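Asks: Take a look at start-v4.csv, CSV, C-alpha atoms:
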chain,number,residue,atom,x,y,z
A,241,MET,CA,3.0,-13.8,13.0
A,242,LEU,CA,4.2,-14.5,16.6
A,243,THR,CA,7.8,-15.6,16.9
A,244,ARG,CA,9.2,-17.8,19.6
A,245,ARG,CA,11.3,-14.9,20.9
A,246,HIS,CA,8.2,-12.8,21.4
A,247,ILE,CA,6.5,-15.7,23.2
A,248,ARG,CA,9.6,-15.9,25.5
A,249,VAL,CA,9.3,-12.2,26.2
A,250,LYS,CA,5.6,-12.4,27.1
A,251,VAL,CA,6.3,-15.3,29.5
A,252,LEU,CA,9.2,-13.3,31.0
A,253,GLN,CA,6.8,-10.4,31.6
A,254,SER,CA,4.1,-12.6,33.1
A,255,ILE,CA,6.5,-14.2,35.5
A,256,TYR,CA,7.9,-10.8,36.5
A,257,ALA,CA,4.3,-9.6,37.2
A,258,LEU,CA,3.6,-12.8,39.2
A,259,ARG,CA,6.7,-12.2,41.4
A,260,GLN,CA,5.7,-8.6,42.0
A,261,ASN,CA,2.2,-9.5,43.3
A,262,GLU,CA,1.7,-9.8,47.0
A,263,HIS,CA,-0.8,-12.6,46.4
A,264,PRO,CA,0.4,-14.4,43.3
A,265,ASP,CA,-2.3,-16.4,41.5
A,266,LEU,CA,-0.8,-18.8,38.9
A,267,GLU,CA,-4.0,-19.5,37.1
A,268,LYS,CA,-5.0,-15.8,36.8
A,269,GLN,CA,-1.5,-14.8,35.6
A,270,GLU,CA,-1.5,-17.6,33.0
A,271,LYS,CA,-4.8,-16.2,31.6
A,272,PHE,CA,-3.3,-12.8,31.5
A,273,LEU,CA,-0.3,-14.2,29.6
A,274,PHE,CA,-2.6,-15.4,26.8
A,275,TYR,CA,-4.7,-12.2,27.0
A,276,SER,CA,-1.5,-10.1,26.5
A,277,ILE,CA,-0.5,-12.3,23.5
A,278,ASP,CA,-3.9,-12.0,21.9
A,279,GLN,CA,-3.7,-8.2,22.2
A,280,MET,CA,-0.9,-8.3,19.6
A,281,GLN,CA,-3.4,-9.2,16.9
A,282,ASP,CA,-5.7,-6.3,18.0
A,283,LEU,CA,-2.8,-3.9,17.5
A,284,TYR,CA,-1.9,-5.5,14.2
A,285,VAL,CA,-5.4,-4.9,12.8
A,286,LEU,CA,-5.6,-1.5,14.3
A,287,MET,CA,-2.4,-0.4,12.6
A,288,LEU,CA,-3.7,-1.7,9.2
A,289,GLN,CA,-6.9,0.3,9.8
A,290,LEU,CA,-4.7,3.3,10.5
A,291,VAL,CA,-3.4,3.1,6.9
A,292,VAL,CA,-7.0,3.0,5.6
A,293,SER,CA,-8.1,5.9,7.8
A,294,LEU,CA,-5.1,7.9,6.7
A,295,GLN,CA,-6.2,7.5,3.1
A,296,ALA,CA,-9.7,8.5,4.0
A,297,TYR,CA,-8.3,11.6,5.8
A,298,GLY,CA,-6.3,12.4,2.7
A,299,GLU,CA,-9.5,12.3,0.6
A,300,ARG,CA,-11.3,14.7,3.0
A,301,TYR,CA,-8.3,17.0,3.0
A,302,MET,CA,-8.3,17.0,-0.8
A,303,GLU,CA,-12.0,17.9,-0.9
A,304,ARG,CA,-11.4,20.8,1.5
A,305,VAL,CA,-8.5,22.2,-0.5
A,306,GLN,CA,-10.6,22.0,-3.8
A,307,GLN,CA,-13.2,24.2,-2.2
A,308,LYS,CA,-10.8,27.0,-1.2
A,309,HIS,CA,-11.7,30.4,-2.5
A,310,LEU,CA,-8.3,30.9,-4.1
A,311,ALA,CA,-7.4,27.3,-4.8
A,312,THR,CA,-4.5,26.8,-7.2
A,313,LYS,CA,-4.7,24.8,-10.4
A,314,GLU,CA,-3.0,21.9,-8.7
A,315,GLU,CA,-5.4,22.1,-5.8
A,316,LYS,CA,-8.4,22.2,-8.0
A,317,ASN,CA,-7.2,19.1,-10.0
A,318,PRO,CA,-5.1,17.2,-7.5
A,319,SER,CA,-3.4,13.8,-8.0
A,320,ARG,CA,-5.6,10.9,-6.8
A,321,ASN,CA,-2.8,8.4,-6.6
A,322,PHE,CA,-2.9,8.2,-2.8
A,323,ILE,CA,-6.7,8.1,-2.7
A,324,ASN,CA,-6.8,5.3,-5.3
A,325,ASN,CA,-3.8,3.3,-4.0
A,326,GLN,CA,-4.6,-0.3,-4.9
A,327,VAL,CA,-2.9,-1.8,-1.8
A,328,ILE,CA,-4.8,0.4,0.6
A,329,THR,CA,-8.0,-0.5,-1.3
A,330,LEU,CA,-7.3,-4.2,-0.6
A,331,LEU,CA,-7.1,-3.3,3.1
A,332,SER,CA,-10.3,-1.2,3.1
A,333,GLU,CA,-12.3,-3.9,1.2
A,334,SER,CA,-11.2,-6.8,3.4
A,335,GLU,CA,-14.2,-8.3,5.0
A,336,SER,CA,-12.2,-10.1,7.6
A,337,LEU,CA,-10.4,-7.0,8.8
A,338,GLN,CA,-13.6,-5.0,8.9
A,339,GLN,CA,-15.4,-7.7,10.8
A,340,TYR,CA,-12.5,-8.0,13.3
A,341,LEU,CA,-12.6,-4.2,13.9
A,342,LYS,CA,-16.3,-4.3,14.5
A,343,ASN,CA,-16.2,-7.3,16.8
A,344,LYS,CA,-13.4,-5.8,18.9
A,345,LYS,CA,-14.8,-2.2,18.7
A,346,LEU,CA,-11.5,-0.9,17.5
A,347,ASP,CA,-12.7,2.5,16.2
A,348,TYR,CA,-9.8,4.5,17.7
A,349,TRP,CA,-9.1,6.5,14.6
A,350,LYS,CA,-12.6,7.9,14.5
A,351,GLU,CA,-12.3,9.0,18.1
A,352,ASP,CA,-8.7,10.3,17.9
A,353,ASP,CA,-8.3,11.6,14.4
A,354,GLU,CA,-5.7,14.2,15.4
A,355,TYR,CA,-3.1,11.5,14.9
A,356,LEU,CA,-4.3,11.2,11.3
A,357,SER,CA,-3.6,14.9,10.9
A,358,ILE,CA,-0.1,14.5,12.4
A,359,LEU,CA,0.8,11.6,10.1
A,360,PHE,CA,-0.7,13.1,7.0
A,361,SER,CA,1.2,16.3,7.5
A,362,GLU,CA,4.4,14.5,8.0
A,363,MET,CA,3.8,12.3,4.9
A,364,LYS,CA,3.0,15.4,2.7
A,365,GLU,CA,6.4,16.9,3.5
A,366,THR,CA,8.4,14.0,2.1
A,367,ASP,CA,10.0,13.9,-1.4
A,368,TRP,CA,8.8,10.4,-2.1
A,369,TYR,CA,5.2,11.4,-1.5
A,370,ALA,CA,5.6,14.2,-4.0
A,371,ALA,CA,7.2,11.9,-6.5
A,372,TYR,CA,4.5,9.4,-6.1
A,373,LEU,CA,1.8,12.0,-6.8
A,374,LEU,CA,3.5,12.9,-10.0
A,375,LYS,CA,3.2,9.4,-11.5
A,376,THR,CA,0.8,9.3,-14.4
A,377,GLU,CA,-0.5,5.8,-13.9
A,378,PRO,CA,1.0,4.1,-10.9
A,379,THR,CA,1.4,0.3,-11.2
A,380,TYR,CA,0.4,-2.1,-8.4
A,381,GLU,CA,4.1,-2.4,-7.6
A,382,ASP,CA,4.4,1.5,-7.4
A,383,ASP,CA,1.4,1.5,-5.0
A,384,LYS,CA,2.9,-1.3,-2.9
A,385,GLU,CA,6.3,0.4,-2.6
A,386,PHE,CA,4.6,3.6,-1.6
A,387,VAL,CA,2.6,2.0,1.2
A,388,VAL,CA,5.7,0.2,2.5
A,389,GLN,CA,7.5,3.5,2.6
A,390,LEU,CA,4.6,5.2,4.3
A,391,TYR,CA,4.5,2.6,7.0
A,392,LYS,CA,8.3,2.4,7.5
A,393,LYS,CA,9.2,6.0,7.4
A,394,VAL,CA,6.1,7.8,8.8
A,395,ILE,CA,3.9,5.5,10.8
A,396,ALA,CA,6.3,3.1,12.6
A,397,PRO,CA,8.8,5.7,13.9
A,398,ASN,CA,6.2,8.3,15.1
A,399,ASP,CA,6.8,8.9,18.8
A,400,LYS,CA,3.5,10.6,19.4
A,401,LEU,CA,1.7,7.6,18.0
A,402,TYR,CA,3.8,5.3,20.1
A,403,ASP,CA,2.9,7.2,23.3
A,404,TYR,CA,-0.7,7.2,22.3
A,405,LEU,CA,-0.8,3.4,21.9
A,406,GLU,CA,1.1,2.9,25.2
A,407,ASP,CA,-1.6,4.9,27.0
A,408,LYS,CA,-4.3,2.8,25.3
A,409,ARG,CA,-3.0,-0.6,26.3
A,410,LEU,CA,0.1,-1.2,28.3
A,411,THR,CA,0.6,-4.6,26.8
A,412,TRP,CA,1.2,-2.9,23.4
A,413,LEU,CA,4.4,-1.2,24.6
A,414,ASP,CA,6.6,-4.2,23.6
A,415,ASP,CA,4.3,-5.4,20.8
A,416,PHE,CA,4.7,-2.3,18.6
A,417,PRO,CA,8.1,-3.1,17.1
A,418,TRP,CA,7.0,-6.7,16.5
A,419,VAL,CA,3.7,-5.7,14.8
A,420,ASN,CA,5.5,-3.1,12.7
A,421,THR,CA,7.9,-5.7,11.4
A,422,ALA,CA,5.1,-8.2,10.7
A,423,ILE,CA,3.1,-5.5,8.8
A,424,VAL,CA,6.0,-4.3,6.7
A,425,LYS,CA,6.7,-8.0,5.7
A,426,MET,CA,3.1,-8.6,4.8
A,427,LEU,CA,2.8,-5.3,2.8
A,428,SER,CA,5.9,-6.2,0.9
A,429,LYS,CA,4.5,-9.5,-0.3
A,430,ILE,CA,0.7,-8.8,-0.6
A,431,THR,CA,-0.9,-9.6,-3.9
A,432,PRO,CA,-4.5,-9.2,-5.0
A,433,LYS,CA,-5.0,-12.9,-5.4
A,434,LYS,CA,-3.7,-13.9,-2.0
A,435,ALA,CA,-4.8,-10.8,0.0
A,436,ARG,CA,-7.5,-12.6,1.9
A,437,GLN,CA,-5.0,-15.1,3.4
A,438,GLN,CA,-2.1,-12.6,3.7
A,439,LEU,CA,-3.9,-9.7,5.4
A,440,LEU,CA,-4.9,-11.5,8.6
A,441,PRO,CA,-2.3,-14.2,9.4
A,442,ASP,CA,-2.8,-16.6,12.4
A,443,LEU,CA,-1.4,-15.2,15.6
A,444,TYR,CA,0.5,-18.5,16.3
A,445,LYS,CA,2.5,-20.3,13.7
A,446,ASN,CA,0.9,-23.5,14.9
A,447,GLU,CA,-0.6,-25.1,18.0
A,448,ASP,CA,2.9,-26.1,19.2
A,449,ASP,CA,3.8,-22.4,19.7
A,450,ARG,CA,0.7,-21.8,21.9
A,451,GLU,CA,1.5,-24.8,23.9
A,452,PHE,CA,5.2,-23.7,24.2
A,453,ALA,CA,4.0,-20.5,25.8
A,454,ARG,CA,1.9,-22.4,28.4
A,455,GLN,CA,4.5,-25.0,29.2
A,456,LEU,CA,7.4,-22.5,29.5
A,457,PHE,CA,5.3,-20.4,31.9
A,458,ARG,CA,4.2,-23.4,34.0
A,459,LYS,CA,7.5,-25.3,34.1
A,460,THR,CA,9.4,-22.2,35.1
A,461,VAL,CA,7.0,-21.2,37.8
A,462,LEU,CA,6.3,-24.7,39.2
A,463,ASN,CA,9.9,-25.7,39.2
A,464,ASP,CA,11.2,-22.5,40.8
A,465,GLY,CA,12.9,-24.4,43.6
A,466,VAL,CA,14.9,-26.6,41.3
A,467,LEU,CA,15.8,-23.7,39.1
A,468,SER,CA,16.9,-21.6,42.1
A,469,GLU,CA,19.0,-24.4,43.4
A,470,ALA,CA,20.7,-24.8,40.0
A,471,ILE,CA,21.8,-21.1,40.2
A,472,GLU,CA,23.1,-21.3,43.8
A,473,GLY,CA,26.8,-21.2,43.9
A,474,LYS,CA,27.2,-20.2,40.3
A,475,THR,CA,27.4,-16.5,41.1
A,476,PRO,CA,30.5,-16.2,43.4
A,477,ASN,CA,30.4,-12.4,43.5
A,478,TRP,CA,26.7,-12.1,44.0
A,479,ASP,CA,24.2,-13.5,46.4
A,480,THR,CA,21.1,-14.8,44.7
A,481,ASP,CA,18.9,-12.2,46.3
A,482,ARG,CA,21.1,-9.4,44.8
A,483,ILE,CA,20.6,-10.5,41.2
A,484,ALA,CA,18.2,-8.2,39.4
A,485,ASP,CA,14.7,-9.8,39.2
A,486,ILE,CA,14.7,-9.7,35.4
A,487,ASP,CA,18.1,-11.3,35.2
A,488,LEU,CA,17.0,-14.0,37.6
A,489,ILE,CA,13.9,-14.8,35.6
A,490,ILE,CA,15.8,-14.9,32.3
A,491,LEU,CA,18.3,-17.4,33.9
A,492,LYS,CA,15.4,-19.6,35.2
A,493,LEU,CA,13.7,-19.5,31.8
A,494,GLY,CA,17.0,-20.6,30.1
A,495,ILE,CA,17.5,-23.4,32.6
A,496,ALA,CA,13.9,-24.5,32.2
A,497,GLU,CA,14.4,-24.9,28.5
A,498,PHE,CA,17.7,-26.8,29.1
A,499,LEU,CA,16.0,-29.3,31.5
A,500,TYR,CA,12.3,-29.5,30.3
A,501,PHE,CA,12.3,-28.9,26.6
A,502,PRO,CA,14.4,-31.7,25.0
A,503,SER,CA,13.6,-30.7,21.4
A,504,ILE,CA,14.9,-27.1,21.7
A,505,PRO,CA,18.7,-26.9,21.0
A,506,VAL,CA,20.8,-25.6,23.8
A,507,ARG,CA,22.4,-23.0,21.4
A,508,ALA,CA,19.0,-21.7,20.4
A,509,SER,CA,17.9,-21.2,24.0
A,510,LEU,CA,21.2,-19.5,24.9
A,511,ASN,CA,21.1,-17.1,21.9
A,512,GLU,CA,17.4,-16.2,22.5
A,513,TYR,CA,17.9,-15.3,26.2
A,514,LEU,CA,21.1,-13.4,25.5
A,515,GLU,CA,19.3,-11.3,23.0
A,516,ILE,CA,16.3,-10.8,25.3
A,517,SER,CA,18.7,-9.7,28.1
A,518,LYS,CA,20.3,-7.1,25.9
A,519,GLU,CA,16.9,-5.5,25.3
A,520,TYR,CA,15.2,-5.9,28.7
A,521,SER,CA,18.0,-5.8,31.2
A,522,THR,CA,21.2,-3.9,32.0
A,523,PRO,CA,24.1,-3.5,29.5
A,524,LYS,CA,26.3,-6.0,31.4
A,525,SER,CA,23.5,-8.6,32.0
A,526,SER,CA,24.1,-10.5,28.8
A,527,LEU,CA,27.7,-11.3,29.8
A,528,PHE,CA,26.6,-12.3,33.3
A,529,ILE,CA,23.7,-14.5,32.0
A,530,ASN,CA,25.9,-16.1,29.3
A,531,GLY,CA,28.5,-17.0,31.8
A,532,ILE,CA,26.1,-18.7,34.2
A,533,LEU,CA,24.1,-20.5,31.5
A,534,ASP,CA,27.2,-21.7,29.8
A,535,LYS,CA,28.6,-23.1,33.1
A,536,LEU,CA,25.3,-24.8,33.7
A,537,VAL,CA,25.2,-26.4,30.3
A,538,LYS,CA,28.6,-28.0,31.0
A,539,GLU,CA,27.4,-29.2,34.4
A,540,PHE,CA,24.2,-30.6,33.1
A,541,THR,CA,26.0,-32.4,30.3
A,542,LYS,CA,28.5,-33.9,32.7
A,543,ASN,CA,25.9,-35.2,35.2
A,544,GLY,CA,23.5,-36.4,32.6
A,545,LYS,CA,20.7,-33.9,33.3
A,546,LEU,CA,20.9,-32.4,29.8
A,547,LYS,CA,18.8,-34.8,27.7
A,548,LYS,CA,18.3,-33.3,24.3
A,549,ILE,CA,16.9,-35.2,21.3
A,550,GLY,CA,18.0,-35.0,17.7
A,551,ARG,CA,19.9,-31.9,16.7
A,552,GLY,CA,18.9,-30.3,20.0
A,553,LEU,CA,22.0,-31.6,21.8
A,554,ARG,CA,24.0,-28.5,21.0
What is this file in structure tokens?
Replies:
Amino acid sequence: MLTRRHIRVKVLQSIYALRQNEHPDLEKQEKFLFYSIDQMQDLYVLMLQLVVSLQAYGERYMERVQQKHLATKEEKNPSRNFINNQVITLLSESESLQQYLKNKKLDYWKEDDEYLSILFSEMKETDWYAAYLLKTEPTYEDDKEFVVQLYKKVIAPNDKLYDYLEDKRLTWLDDFPWVNTAIVKMLSKITPKKARQQLLPDLYKNEDDREFARQLFRKTVLNDGVLSEAIEGKTPNWDTDRIADIDLIILKLGIAEFLYFPSIPVRASLNEYLEISKEYSTPKSSLFINGILDKLVKEFTKNGKLKKIGRGLR
């Protein structure tokens, strides 16, 4: 579920936090790095539970409407397509998801069910929800398409939900888009036979990715002097102390990958940090960072410091 870019962002944030601390503690910050990464899986499971809770809210809403004194014919005999959605049923019956929620005490939607009301009301107003309710016998594919639409068009873009999650855990601020993408991909592919494996993927692709996070953090922090020296003189119009902190850390992360990660292609590192700079720094930062890193690649290549293996040379 976790991508190398997200790992790089997490390391960037951790090093930034370390630099802002009056009494930096490398070991403590490294532990927080992995804690913040682990929080991503909490958010992932919580958002899946939101879909389940939204269905339960819909069932309670339907029961209330049926009991109205002047209920219409449609209200007395409502469509149960949403309530019986087969994909959401897979989520609700997943023992692994329910056990995870219990272990982590992620019962937010019971405590803050006003967000269920907000999302359900928004969903009810859409044309595709109305069309879905009119289906006589929705197929599994119909149900899956509906859940993907629900997530993409109602849940993921909801600003109030975003603000709520930000207030709950600050580390989720940057995780939300990544988790949304992972959930939509999973929901688009989920099948009844493979649901157990698909619903709760491993946080890291493999152990190499976890170790990459650790080594990128350590090598960037512990070799700060070498990385700072590499940047000196490469910014003729800027003193090093005038470079924005985020830009400086991005530069050092890129240089660290050039020098200490021989299996990572230079072009891959360049592209990753340019994209990260576009999202986390100023509009002009990507050009600035690209210019310096490109200059350093040529310098390292010329003096023999750039020692890439296999296809990692360029």
Asks: Can you work out which one of A:Ala370, A:Leu286, A:Val461, A:Ile323 has the shortest atom-to-atom distance to Glu303 (chain A), counting only C-alpha atoms?
Replies: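 Ranking A:Ala370, A:Leu286, A:Val461, A:Ile323 by distance to Glu303 (chain A), first place goes to A:Ile323.
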Asks: Measuring between all atoms listed in the file, which one of A:Val394, A:Ala435, A:Val419, A:Met241 shows the shortest distance to Ser332 (chain A)?
Replies: A:Ala435
Asks: Show which residues sit within 10 Å of Gly298 (chain A), as an MDAnalysis selection string. Count all atoms listed in the file, and ignore same-chain residues fewer than 5 positions away.
Replies: chainID A and resid 292:293 303:304 320 322:323 356:357 360:361 364
Asks: Which of these residues is nearest to Leu288 (chain A), using only C-alpha atoms: A:Tyr391, A:Tyr444, A:Phe501, A:Phe386?
Replies: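 Selected residue with least distance to Leu288 (chain A): A:Tyr391.
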Asks: Taking (-5.3, -4.4, 15.8) in the file's coordinates, which residues come within 12 Å, counting all atoms listed in the file, written as an MDAnalysis selection string?
Replies: chainID A and resid 278:291 337:349 405 408:409 412 415:416 419:420 423 439:440 443
Asks: Between A:Leu533, A:Ile430, A:Ile490, A:Leu252, which one has atoms that come closest to Val327 (chain A), using all atoms listed in the file?
Replies: A:Ile430
Asks: A:Ala496, A:Met426, A:Ala508, A:Met363: which is nearest Arg458 (chain A), counting all atoms listed in the file?
Replies: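 Using all atoms listed in the file, the shortest distance to Arg458 (chain A) belongs to A:Ala496.
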Asks: Work out how far apart CA of Leu390 (chain A) and CA of Met302 (chain A) are and give it in Å to one decimal.
Replies: 18.2 Å
Asks: May I ask which of the residues A:Val387, A:Leu499, A:Ala396, A:Ala453 is the closest one to Thr541 (chain A), counting all atoms listed in the file?
Replies: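 Counting all atoms listed in the file, the residue closest to Thr541 (chain A) is A:Leu499.
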Asks: Quote the spacing between CA of Lys350 (chain A) and CA of Asn317 (chain A) in Å to one decimal place.
Replies: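 Going from CA of Lys350 (chain A) over to CA of Asn317 (chain A), I get 27.5 Å.
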Asks: To one decimal place in Å, what is the distance between CA of Ser276 (chain A) and CA of Thr411 (chain A)?
Replies: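 Value for the CA of Ser276 (chain A)-CA of Thr411 (chain A) distance: 5.9 Å.
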Asks: So that I can check the surroundings of Asp534 (chain A), please list as a PyMOL selection string every protein, DNA and RNA residue that reaches within 12 Å of it, counting only C-alpha atoms and ignoring chain neighbours fewer than 6 positions away.
Replies: chain A and resi 471+474+491+494-495+498+506-507+509-511+513-514+526-528+540-541+554
Asks: Residues near Glu270 (chain A), anyone? I mean within 8 Å using all atoms listed in the file, not counting same-chain ones fewer than 6 positions away, as a PyMOL selection string.
Replies: chain A and resi 254+454+457
Asks: Please provide as a ChimeraX atom specification all residues within 12 Å of Thr431 (chain A), with the sequence filter that same-chain residues fewer than 5 positions apart are discarded (counting all atoms listed in the file).
Replies: /A:326-331,380-381,383-384,426,436-439
